[in-house]
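Peer 1: I am attaching a structure below and will ask some questions about it afterwards.
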Amino acid sequence: MSTPKQRARSPGGLVDEFQSGPRATVPAAGEQTHVQQRQPKFAHGLGELDAAKAEFVARVSHELRHPLCNLLGYLEILQDGSVGAVSREQRHMLEVMDHNTHRLLSLVENLLTTEHIDAGTYRLHRTRVPLSGIVDHLVQLLAPDIQDRALRCTVSLQPGIELDADPDQLERMLANLMSNAIKFTPPDGHIELTARVDAGHVVITVRDTGIGVPIEEQPQLFRRFFRSTASDTLEIQGAGLGLFIVNRIVEAHGGVIAVASAPGEGTAVTIRLPLRRV
Amino acid sequence: MTKALVVDDDPDVCDLVAYKLEQSGFDVRRAQSGQQALDAVAAQQPDVVLLDIMMPGMSGLEVLERWRLDGSTAKLAVLLLTAKAQESDVERGFELGADDYIVKPFSPREVVRRVNAVLSRVSR
């Protein structure tokens with residue numbers, strides 16, 4: 001379990017900024033001893049709070065995933081037609097329900113990841129991951145969204161890329177990047193996912209021909225709850241957690257992330273992750 | 001007919017998995033607690049068990065451990081059902097000899113595929 005002391009040491013200014021607990025106020029001269037005496041107890045209390053919070057997250061995640069599991073499961077069974085013929089209108093309604101249930105699931109996953117980061121219980125479960133498996137699964141999952149928005153999607157992976165990574169987190173990272181590219185690219189646009197190996201690292205780029213991010217907003221992209229001016233103006237949905245989490249996942253894997261973007265031209269997010277655990 | 005036992009304290013999840021397996025030609029029984037699972041296996045000797053890890057009272061892992069310690073159920077095909085938050089439990093599950101694990105939320109089609117894969121491995 002993380003203590004406030006451990007959290008202060010965790011890398012990455014962005015995360016620390018949000019993890020900092022209640023700030024101590026400067027005591028008056030006479031209060032000094034009193035404050036010093038109380039500090040250990042206060043620190044102990046925070047540790048307990050973290051433990052309680054971690055327990056809460058574990059329970060809530062269980063409670064949120066079960067209903068979604070039932071919804072998605074029966075939606076799949078209904079859609080495959082095995083319990084009776086599905087009319088065209090019904091199929092459309094089921095697809096909308098399915099799409100929105102997945103959206104809810106994605107939001108839940110992002111919120112839970114954020115909670116884990118806060119509680120200091122964010123952990124990677126690394127294995128040797130073939131990148132193509134994750135990308136194939138993701139592209140299959142996102143195909144309806146890509147089609148809905150009439151986008152062209154190109155995937156080009158150097159064959160045989162494998163890395164030491166947490167497969168769920170890697171998929172979450174790519175899902176958040178791809179979902180941004182889809183959301184922020186107008187119809188008939190192009191999104192592209194490429195991956196290649198370079199000097200012991202995998203370099204993954206998600207590029208789109210979307211609305212782009214103005215230079216003055218770019219430094220804020222990885223801040224929690226940050227939403228670009230354009231996403232508000234154009235009423236593009238989102239909680240502002242996607243890139244915050246992507247950044248944390250990249251950091252935890254010992255990688256780096258960079259964004260290049262110009263309004264009206266598009267955005268390219270490039271991630272560089274070590275192939276072997278460092 | 002292949003006999004399957006589905007164990008989950010959430011009755012809806014239990015029904016969902018059972019329904020899909022029945023649709024795919026399995027003879028399915030349900031249990032909603034660790035104790036019910038132990039009783040059901042002793043009484044019906046299923047070919048495969050889908051076992052939820054996080055259950056009140058006796059957890060899925062405790063149930064699995066008991067089966068592995070008992071000669072008559074040591075080789076029973078068991079797939080664990082787990083929420084993503086319980087990865088350390090999955091590691092423990094594999095140590096105890098689980099044959100596979102399925103993360104919630106799952107695709108029912110995928111569950112059937114994985115069950116069949118485990119069964120074909122076991123029968124080989």
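Ligands are numbered from 1 in the order shown, chains are lettered A, B, ... in the order of the structure tokens, and residues start at 1 in each chain.
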Chain B residues within 6 Å of chain A, counting only C-alpha atoms: which ones, as an MDAnalysis selection string?
Peer 2: chainID B and resid 13 105 107:108
Peer 1: Need to verify the contact set: segment 182-184 of chain A, 8 Å, only C-alpha atoms, exclusion of same-chain residues closer than 3 positions in sequence. Can you return it as a list of chain:residue names?
Peer 2: A:Asp145, A:Ile146, A:Arg149, A:Leu151, A:Met178, A:Ser179, A:Ile191, A:Gly210, A:Ile211, A:Gly212, A:Ser231, A:Ile236
Peer 1: Store the residues picked out above in a file with N, CA and C atoms, as a PDB file, in the first residue's frame.
Peer 2:
```pdb
ATOM      1  N   ASP A 145     -17.220   2.266 -35.273  1.00  0.00           N
ATOM      2  CA  ASP A 145     -17.062   3.719 -35.092  1.00  0.00           C
ATOM      3  C   ASP A 145     -16.408   4.349 -36.315  1.00  0.00           C
ATOM      4  N   ILE A 146     -15.390   3.656 -36.832  1.00  0.00           N
ATOM      5  CA  ILE A 146     -14.653   4.164 -37.988  1.00  0.00           C
ATOM      6  C   ILE A 146     -15.586   4.244 -39.194  1.00  0.00           C
ATOM      7  N   ARG A 149     -18.281   7.069 -38.990  1.00  0.00           N
ATOM      8  CA  ARG A 149     -17.800   8.415 -39.294  1.00  0.00           C
ATOM      9  C   ARG A 149     -17.170   8.506 -40.680  1.00  0.00           C
ATOM     10  N   LEU A 151     -14.563   7.168 -42.016  1.00  0.00           N
ATOM     11  CA  LEU A 151     -13.126   7.444 -41.993  1.00  0.00           C
ATOM     12  C   LEU A 151     -12.379   6.315 -42.688  1.00  0.00           C
ATOM     13  N   MET A 178      -6.688   5.970 -30.338  1.00  0.00           N
ATOM     14  CA  MET A 178      -7.491   5.756 -31.548  1.00  0.00           C
ATOM     15  C   MET A 178      -8.862   6.410 -31.400  1.00  0.00           C
ATOM     16  N   SER A 179      -9.424   6.322 -30.199  1.00  0.00           N
ATOM     17  CA  SER A 179     -10.754   6.891 -30.014  1.00  0.00           C
ATOM     18  C   SER A 179     -10.705   8.416 -30.130  1.00  0.00           C
ATOM     19  N   ILE A 191      -7.255   8.111 -40.569  1.00  0.00           N
ATOM     20  CA  ILE A 191      -6.473   7.866 -39.361  1.00  0.00           C
ATOM     21  C   ILE A 191      -5.516   6.707 -39.623  1.00  0.00           C
ATOM     22  N   GLY A 210      -7.451  15.227 -38.502  1.00  0.00           N
ATOM     23  CA  GLY A 210      -8.555  15.874 -37.800  1.00  0.00           C
ATOM     24  C   GLY A 210      -8.372  17.361 -37.566  1.00  0.00           C
ATOM     25  N   ILE A 211      -9.131  17.864 -36.582  1.00  0.00           N
ATOM     26  CA  ILE A 211      -9.199  19.309 -36.369  1.00  0.00           C
ATOM     27  C   ILE A 211      -7.931  19.872 -35.716  1.00  0.00           C
ATOM     28  N   GLY A 212      -7.096  19.014 -35.131  1.00  0.00           N
ATOM     29  CA  GLY A 212      -5.838  19.480 -34.559  1.00  0.00           C
ATOM     30  C   GLY A 212      -6.003  20.224 -33.250  1.00  0.00           C
ATOM     31  N   SER A 231     -13.156  20.911 -28.648  1.00  0.00           N
ATOM     32  CA  SER A 231     -14.073  19.837 -28.270  1.00  0.00           C
ATOM     33  C   SER A 231     -15.320  20.397 -27.611  1.00  0.00           C
ATOM     34  N   ILE A 236     -17.908  17.756 -28.875  1.00  0.00           N
ATOM     35  CA  ILE A 236     -17.382  16.388 -28.959  1.00  0.00           C
ATOM     36  C   ILE A 236     -17.340  15.821 -27.547  1.00  0.00           C
TER      37      ILE A 236
END
```
Peer 1: Just the residues within 9 Å of segment 17-33 of chain B, please, counting only C-alpha atoms, with nothing from its chain fewer than 4 positions along; format it as an NGL selection string.
Peer 2: (:A and (73 or 77 or 82)) or (:B and (1-13 or 37-38 or 40 or 44 or 46 or 50 or 55-60 or 108-109 or 111-112))
Peer 1: Save the residues we just selected, N, CA and C atoms, as an mmCIF file, in the first residue's frame?
Peer 2:
```cif
data_model
loop_
_atom_site.group_PDB
_atom_site.id
_atom_site.type_symbol
_atom_site.label_atom_id
_atom_site.label_comp_id
_atom_site.auth_asym_id
_atom_site.auth_seq_id
_atom_site.Cartn_x
_atom_site.Cartn_y
_atom_site.Cartn_z
ATOM 1 N N GLY A 73 -23.267 -9.106 -22.794
ATOM 2 C CA GLY A 73 -23.454 -10.531 -23.098
ATOM 3 C C GLY A 73 -24.772 -10.786 -23.805
ATOM 4 N N ILE A 77 -25.862 -11.933 -27.754
ATOM 5 C CA ILE A 77 -26.739 -13.069 -28.064
ATOM 6 C C ILE A 77 -27.943 -12.613 -28.895
ATOM 7 N N SER A 82 -29.669 -15.782 -32.683
ATOM 8 C CA SER A 82 -29.904 -17.166 -32.263
ATOM 9 C C SER A 82 -31.155 -17.327 -31.398
ATOM 10 N N MET B 1 -23.560 -35.890 -23.715
ATOM 11 C CA MET B 1 -23.573 -34.422 -23.603
ATOM 12 C C MET B 1 -22.537 -33.964 -22.572
ATOM 13 N N THR B 2 -21.760 -32.957 -22.915
ATOM 14 C CA THR B 2 -20.739 -32.471 -21.983
ATOM 15 C C THR B 2 -21.400 -31.722 -20.833
ATOM 16 N N LYS B 3 -20.970 -32.073 -19.620
ATOM 17 C CA LYS B 3 -21.580 -31.454 -18.438
ATOM 18 C C LYS B 3 -20.745 -30.269 -17.953
ATOM 19 N N ALA B 4 -21.391 -29.120 -17.815
ATOM 20 C CA ALA B 4 -20.685 -27.933 -17.325
ATOM 21 C C ALA B 4 -21.350 -27.411 -16.057
ATOM 22 N N LEU B 5 -20.520 -26.893 -15.166
ATOM 23 C CA LEU B 5 -21.049 -26.246 -13.964
ATOM 24 C C LEU B 5 -20.624 -24.780 -13.996
ATOM 25 N N VAL B 6 -21.585 -23.870 -13.830
ATOM 26 C CA VAL B 6 -21.282 -22.442 -13.807
ATOM 27 C C VAL B 6 -21.461 -21.933 -12.378
ATOM 28 N N VAL B 7 -20.396 -21.328 -11.835
ATOM 29 C CA VAL B 7 -20.443 -20.852 -10.453
ATOM 30 C C VAL B 7 -20.224 -19.345 -10.427
ATOM 31 N N ASP B 8 -21.239 -18.595 -10.013
ATOM 32 C CA ASP B 8 -21.090 -17.145 -9.856
ATOM 33 C C ASP B 8 -22.164 -16.660 -8.894
ATOM 34 N N ASP B 9 -21.761 -15.805 -7.956
ATOM 35 C CA ASP B 9 -22.742 -15.336 -6.962
ATOM 36 C C ASP B 9 -23.716 -14.319 -7.562
ATOM 37 N N ASP B 10 -23.357 -13.733 -8.723
ATOM 38 C CA ASP B 10 -24.303 -12.851 -9.413
ATOM 39 C C ASP B 10 -25.207 -13.738 -10.278
ATOM 40 N N PRO B 11 -26.505 -13.856 -9.903
ATOM 41 C CA PRO B 11 -27.367 -14.806 -10.610
ATOM 42 C C PRO B 11 -27.507 -14.492 -12.097
ATOM 43 N N ASP B 12 -27.434 -13.203 -12.457
ATOM 44 C CA ASP B 12 -27.572 -12.833 -13.868
ATOM 45 C C ASP B 12 -26.360 -13.275 -14.692
ATOM 46 N N VAL B 13 -25.161 -13.096 -14.128
ATOM 47 C CA VAL B 13 -23.957 -13.546 -14.834
ATOM 48 C C VAL B 13 -24.006 -15.067 -14.979
ATOM 49 N N ALA B 37 -20.905 -25.036 -5.079
ATOM 50 C CA ALA B 37 -20.034 -25.560 -6.138
ATOM 51 C C ALA B 37 -19.414 -26.887 -5.704
ATOM 52 N N LEU B 38 -18.932 -26.951 -4.452
ATOM 53 C CA LEU B 38 -18.337 -28.194 -3.944
ATOM 54 C C LEU B 38 -19.367 -29.325 -3.976
ATOM 55 N N ALA B 40 -22.104 -29.524 -5.816
ATOM 56 C CA ALA B 40 -22.516 -29.852 -7.185
ATOM 57 C C ALA B 40 -21.478 -30.739 -7.876
ATOM 58 N N GLN B 44 -22.440 -34.318 -9.225
ATOM 59 C CA GLN B 44 -22.689 -34.464 -10.667
ATOM 60 C C GLN B 44 -21.464 -34.732 -11.524
ATOM 61 N N PRO B 46 -19.076 -32.829 -13.132
ATOM 62 C CA PRO B 46 -19.082 -32.157 -14.437
ATOM 63 C C PRO B 46 -17.747 -32.339 -15.157
ATOM 64 N N LEU B 50 -16.907 -23.404 -14.744
ATOM 65 C CA LEU B 50 -16.585 -21.979 -14.864
ATOM 66 C C LEU B 50 -16.780 -21.378 -13.493
ATOM 67 N N MET B 55 -16.311 -14.331 -4.569
ATOM 68 C CA MET B 55 -17.634 -14.659 -4.043
ATOM 69 C C MET B 55 -17.591 -14.492 -2.524
ATOM 70 N N PRO B 56 -18.712 -14.037 -1.935
ATOM 71 C CA PRO B 56 -18.719 -13.919 -0.484
ATOM 72 C C PRO B 56 -18.616 -15.307 0.152
ATOM 73 N N GLY B 57 -18.066 -15.369 1.347
ATOM 74 C CA GLY B 57 -17.870 -16.684 1.978
ATOM 75 C C GLY B 57 -16.647 -17.339 1.381
ATOM 76 N N MET B 58 -16.813 -18.541 0.838
ATOM 77 C CA MET B 58 -15.692 -19.259 0.273
ATOM 78 C C MET B 58 -15.403 -18.723 -1.137
ATOM 79 N N SER B 59 -14.176 -18.228 -1.365
ATOM 80 C CA SER B 59 -13.853 -17.654 -2.673
ATOM 81 C C SER B 59 -13.612 -18.771 -3.687
ATOM 82 N N GLY B 60 -13.614 -18.394 -4.964
ATOM 83 C CA GLY B 60 -13.356 -19.354 -6.018
ATOM 84 C C GLY B 60 -11.996 -20.030 -5.860
ATOM 85 N N PRO B 108 -19.903 -13.825 -24.617
ATOM 86 C CA PRO B 108 -20.366 -15.205 -24.411
ATOM 87 C C PRO B 108 -19.806 -16.167 -25.472
ATOM 88 N N ARG B 109 -19.697 -15.685 -26.706
ATOM 89 C CA ARG B 109 -19.148 -16.507 -27.789
ATOM 90 C C ARG B 109 -17.722 -16.935 -27.441
ATOM 91 N N VAL B 111 -16.468 -17.187 -24.456
ATOM 92 C CA VAL B 111 -16.499 -18.138 -23.340
ATOM 93 C C VAL B 111 -16.613 -19.559 -23.885
ATOM 94 N N VAL B 112 -17.533 -19.764 -24.832
ATOM 95 C CA VAL B 112 -17.737 -21.097 -25.406
ATOM 96 C C VAL B 112 -16.465 -21.566 -26.116
#
```
Peer 1: Which polymer residues have any atom within 9 Å of an atom of Thr229 of chain A, counting only C-alpha atoms, with same-chain residues fewer than 3 positions away left out, as an mmCIF file with C-alpha atoms, in the first residue's frame?
Peer 2:
```cif
data_model
loop_
_atom_site.group_PDB
_atom_site.id
_atom_site.type_symbol
_atom_site.label_atom_id
_atom_site.label_comp_id
_atom_site.auth_asym_id
_atom_site.auth_seq_id
_atom_site.Cartn_x
_atom_site.Cartn_y
_atom_site.Cartn_z
ATOM 1 C CA VAL A 213 -4.857 21.211 -31.333
ATOM 2 C CA GLU A 217 -3.276 24.188 -25.711
ATOM 3 C CA ASP A 232 -16.392 22.171 -26.373
ATOM 4 C CA THR A 233 -17.225 24.281 -29.431
ATOM 5 C CA LEU A 234 -17.934 21.232 -31.577
#
```
Peer 1: Taking into account only C-alpha atoms, which residue in the set A:Gly238, A:Gly266, A:Gly133, A:Gly81 is nearest to Val206 of chain A?
Peer 2: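 When distances to Val206 of chain A are compared using only C-alpha atoms, the smallest one comes from A:Gly266.
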Peer 1: What is the atom CA of Gln220 of chain A to atom CA of Lys53 of chain A distance in Å?
Peer 2: 27.4 Å
Peer 1: Residues of chain B in strand (DSSP E or B) according to DSSP, as a ChimeraX atom specification?
Peer 2: /B:3-7,27-31,48-52,77-83,100-104
Peer 1: Store the residues of this selection in a file with N, CA and C atoms, as a PDB file, in the first residue's frame.
Peer 2:
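Saved to part-v9.pdb:
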```pdb
ATOM      1  N   LYS B   3     -20.970 -32.073 -19.620  1.00  0.00           N
ATOM      2  CA  LYS B   3     -21.580 -31.454 -18.438  1.00  0.00           C
ATOM      3  C   LYS B   3     -20.745 -30.269 -17.953  1.00  0.00           C
ATOM      4  N   ALA B   4     -21.391 -29.120 -17.815  1.00  0.00           N
ATOM      5  CA  ALA B   4     -20.685 -27.933 -17.325  1.00  0.00           C
ATOM      6  C   ALA B   4     -21.350 -27.411 -16.057  1.00  0.00           C
ATOM      7  N   LEU B   5     -20.520 -26.893 -15.166  1.00  0.00           N
ATOM      8  CA  LEU B   5     -21.049 -26.246 -13.964  1.00  0.00           C
ATOM      9  C   LEU B   5     -20.624 -24.780 -13.996  1.00  0.00           C
ATOM     10  N   VAL B   6     -21.585 -23.870 -13.830  1.00  0.00           N
ATOM     11  CA  VAL B   6     -21.282 -22.442 -13.807  1.00  0.00           C
ATOM     12  C   VAL B   6     -21.461 -21.933 -12.378  1.00  0.00           C
ATOM     13  N   VAL B   7     -20.396 -21.328 -11.835  1.00  0.00           N
ATOM     14  CA  VAL B   7     -20.443 -20.852 -10.453  1.00  0.00           C
ATOM     15  C   VAL B   7     -20.224 -19.345 -10.427  1.00  0.00           C
ATOM     16  N   ASP B  27     -24.781 -29.585 -21.191  1.00  0.00           N
ATOM     17  CA  ASP B  27     -25.731 -29.858 -20.112  1.00  0.00           C
ATOM     18  C   ASP B  27     -25.228 -29.042 -18.915  1.00  0.00           C
ATOM     19  N   VAL B  28     -25.969 -27.996 -18.543  1.00  0.00           N
ATOM     20  CA  VAL B  28     -25.417 -27.017 -17.599  1.00  0.00           C
ATOM     21  C   VAL B  28     -26.118 -27.045 -16.239  1.00  0.00           C
ATOM     22  N   ARG B  29     -25.317 -27.002 -15.181  1.00  0.00           N
ATOM     23  CA  ARG B  29     -25.826 -26.797 -13.822  1.00  0.00           C
ATOM     24  C   ARG B  29     -25.284 -25.458 -13.325  1.00  0.00           C
ATOM     25  N   ARG B  30     -26.004 -24.888 -12.349  1.00  0.00           N
ATOM     26  CA  ARG B  30     -25.580 -23.597 -11.798  1.00  0.00           C
ATOM     27  C   ARG B  30     -25.312 -23.716 -10.302  1.00  0.00           C
ATOM     28  N   ALA B  31     -24.382 -22.931  -9.798  1.00  0.00           N
ATOM     29  CA  ALA B  31     -24.153 -22.822  -8.357  1.00  0.00           C
ATOM     30  C   ALA B  31     -23.851 -21.366  -8.052  1.00  0.00           C
ATOM     31  N   VAL B  48     -16.461 -29.796 -16.957  1.00  0.00           N
ATOM     32  CA  VAL B  48     -15.786 -28.504 -16.920  1.00  0.00           C
ATOM     33  C   VAL B  48     -16.543 -27.569 -15.973  1.00  0.00           C
ATOM     34  N   VAL B  49     -15.762 -26.711 -15.273  1.00  0.00           N
ATOM     35  CA  VAL B  49     -16.373 -25.755 -14.349  1.00  0.00           C
ATOM     36  C   VAL B  49     -15.939 -24.338 -14.710  1.00  0.00           C
ATOM     37  N   LEU B  50     -16.907 -23.404 -14.744  1.00  0.00           N
ATOM     38  CA  LEU B  50     -16.585 -21.979 -14.864  1.00  0.00           C
ATOM     39  C   LEU B  50     -16.780 -21.378 -13.493  1.00  0.00           C
ATOM     40  N   LEU B  51     -15.693 -20.877 -12.917  1.00  0.00           N
ATOM     41  CA  LEU B  51     -15.698 -20.546 -11.489  1.00  0.00           C
ATOM     42  C   LEU B  51     -15.347 -19.080 -11.258  1.00  0.00           C
ATOM     43  N   ASP B  52     -16.290 -18.339 -10.686  1.00  0.00           N
ATOM     44  CA  ASP B  52     -16.043 -16.938 -10.324  1.00  0.00           C
ATOM     45  C   ASP B  52     -15.061 -16.898  -9.152  1.00  0.00           C
ATOM     46  N   ALA B  77     -11.354 -29.859 -15.168  1.00  0.00           N
ATOM     47  CA  ALA B  77     -11.093 -28.671 -16.005  1.00  0.00           C
ATOM     48  C   ALA B  77     -11.800 -27.458 -15.401  1.00  0.00           C
ATOM     49  N   VAL B  78     -11.023 -26.424 -15.063  1.00  0.00           N
ATOM     50  CA  VAL B  78     -11.594 -25.245 -14.404  1.00  0.00           C
ATOM     51  C   VAL B  78     -11.156 -23.968 -15.125  1.00  0.00           C
ATOM     52  N   LEU B  79     -12.136 -23.144 -15.521  1.00  0.00           N
ATOM     53  CA  LEU B  79     -11.847 -21.809 -16.063  1.00  0.00           C
ATOM     54  C   LEU B  79     -12.309 -20.786 -15.040  1.00  0.00           C
ATOM     55  N   LEU B  80     -11.428 -19.873 -14.686  1.00  0.00           N
ATOM     56  CA  LEU B  80     -11.780 -18.851 -13.705  1.00  0.00           C
ATOM     57  C   LEU B  80     -12.462 -17.669 -14.380  1.00  0.00           C
ATOM     58  N   LEU B  81     -13.469 -17.117 -13.704  1.00  0.00           N
ATOM     59  CA  LEU B  81     -14.100 -15.879 -14.159  1.00  0.00           C
ATOM     60  C   LEU B  81     -13.628 -14.780 -13.217  1.00  0.00           C
ATOM     61  N   THR B  82     -13.155 -13.687 -13.787  1.00  0.00           N
ATOM     62  CA  THR B  82     -12.578 -12.669 -12.913  1.00  0.00           C
ATOM     63  C   THR B  82     -12.845 -11.258 -13.430  1.00  0.00           C
ATOM     64  N   ALA B  83     -12.968 -10.323 -12.491  1.00  0.00           N
ATOM     65  CA  ALA B  83     -12.982  -8.910 -12.874  1.00  0.00           C
ATOM     66  C   ALA B  83     -11.531  -8.495 -13.027  1.00  0.00           C
ATOM     67  N   ASP B 100      -7.656 -21.998 -17.467  1.00  0.00           N
ATOM     68  CA  ASP B 100      -7.716 -20.754 -18.226  1.00  0.00           C
ATOM     69  C   ASP B 100      -8.469 -19.744 -17.352  1.00  0.00           C
ATOM     70  N   TYR B 101      -8.465 -18.481 -17.774  1.00  0.00           N
ATOM     71  CA  TYR B 101      -9.284 -17.507 -17.070  1.00  0.00           C
ATOM     72  C   TYR B 101      -9.943 -16.573 -18.062  1.00  0.00           C
ATOM     73  N   ILE B 102     -11.111 -16.070 -17.682  1.00  0.00           N
ATOM     74  CA  ILE B 102     -11.891 -15.203 -18.553  1.00  0.00           C
ATOM     75  C   ILE B 102     -12.200 -13.924 -17.781  1.00  0.00           C
ATOM     76  N   VAL B 103     -11.915 -12.796 -18.417  1.00  0.00           N
ATOM     77  CA  VAL B 103     -12.086 -11.514 -17.740  1.00  0.00           C
ATOM     78  C   VAL B 103     -13.471 -10.939 -18.028  1.00  0.00           C
ATOM     79  N   LYS B 104     -14.145 -10.466 -16.982  1.00  0.00           N
ATOM     80  CA  LYS B 104     -15.434  -9.788 -17.146  1.00  0.00           C
ATOM     81  C   LYS B 104     -15.189  -8.326 -17.474  1.00  0.00           C
TER      82      LYS B 104
END
```
Peer 1: Could you list, as a PyMOL selection string, every residue within 12 Å of Leu193 of chain A, counting only C-alpha atoms and ignoring same-chain residues fewer than 5 positions away?
Peer 2: chain A and resi 131-132+135-136+138-139+152-158+174-175+177-179+181-182+203-208+268-271
Peer 1: Work out how far atom CA of Gln169 of chain A is from atom CA of Ser106 of chain A, in Å to one decimal.
Peer 2: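 These two atoms are separated by 12.4 Å.
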Peer 1: Check the DSSP output for the backbone and give back, as JSON, numbers by chain, the residues of chain B in helix (DSSP H, G or I).
Peer 2: {"B": [11, 12, 13, 14, 15, 16, 17, 18, 19, 20, 21, 22, 23, 34, 35, 36, 37, 38, 39, 40, 41, 42, 43, 44, 60, 61, 62, 63, 64, 65, 66, 67, 68, 69, 84, 85, 86, 87, 88, 89, 90, 91, 92, 93, 94, 95, 108, 109, 110, 111, 112, 113, 114, 115, 116, 117, 118, 119, 120, 121, 122, 123]}
Peer 1: May I ask for the distance between atom CA of Val129 of chain A and atom CA of Leu275 of chain A, given in Å to one decimal place?
Peer 2: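 Atom CA of Leu275 of chain A lies 9.6 Å from atom CA of Val129 of chain A.
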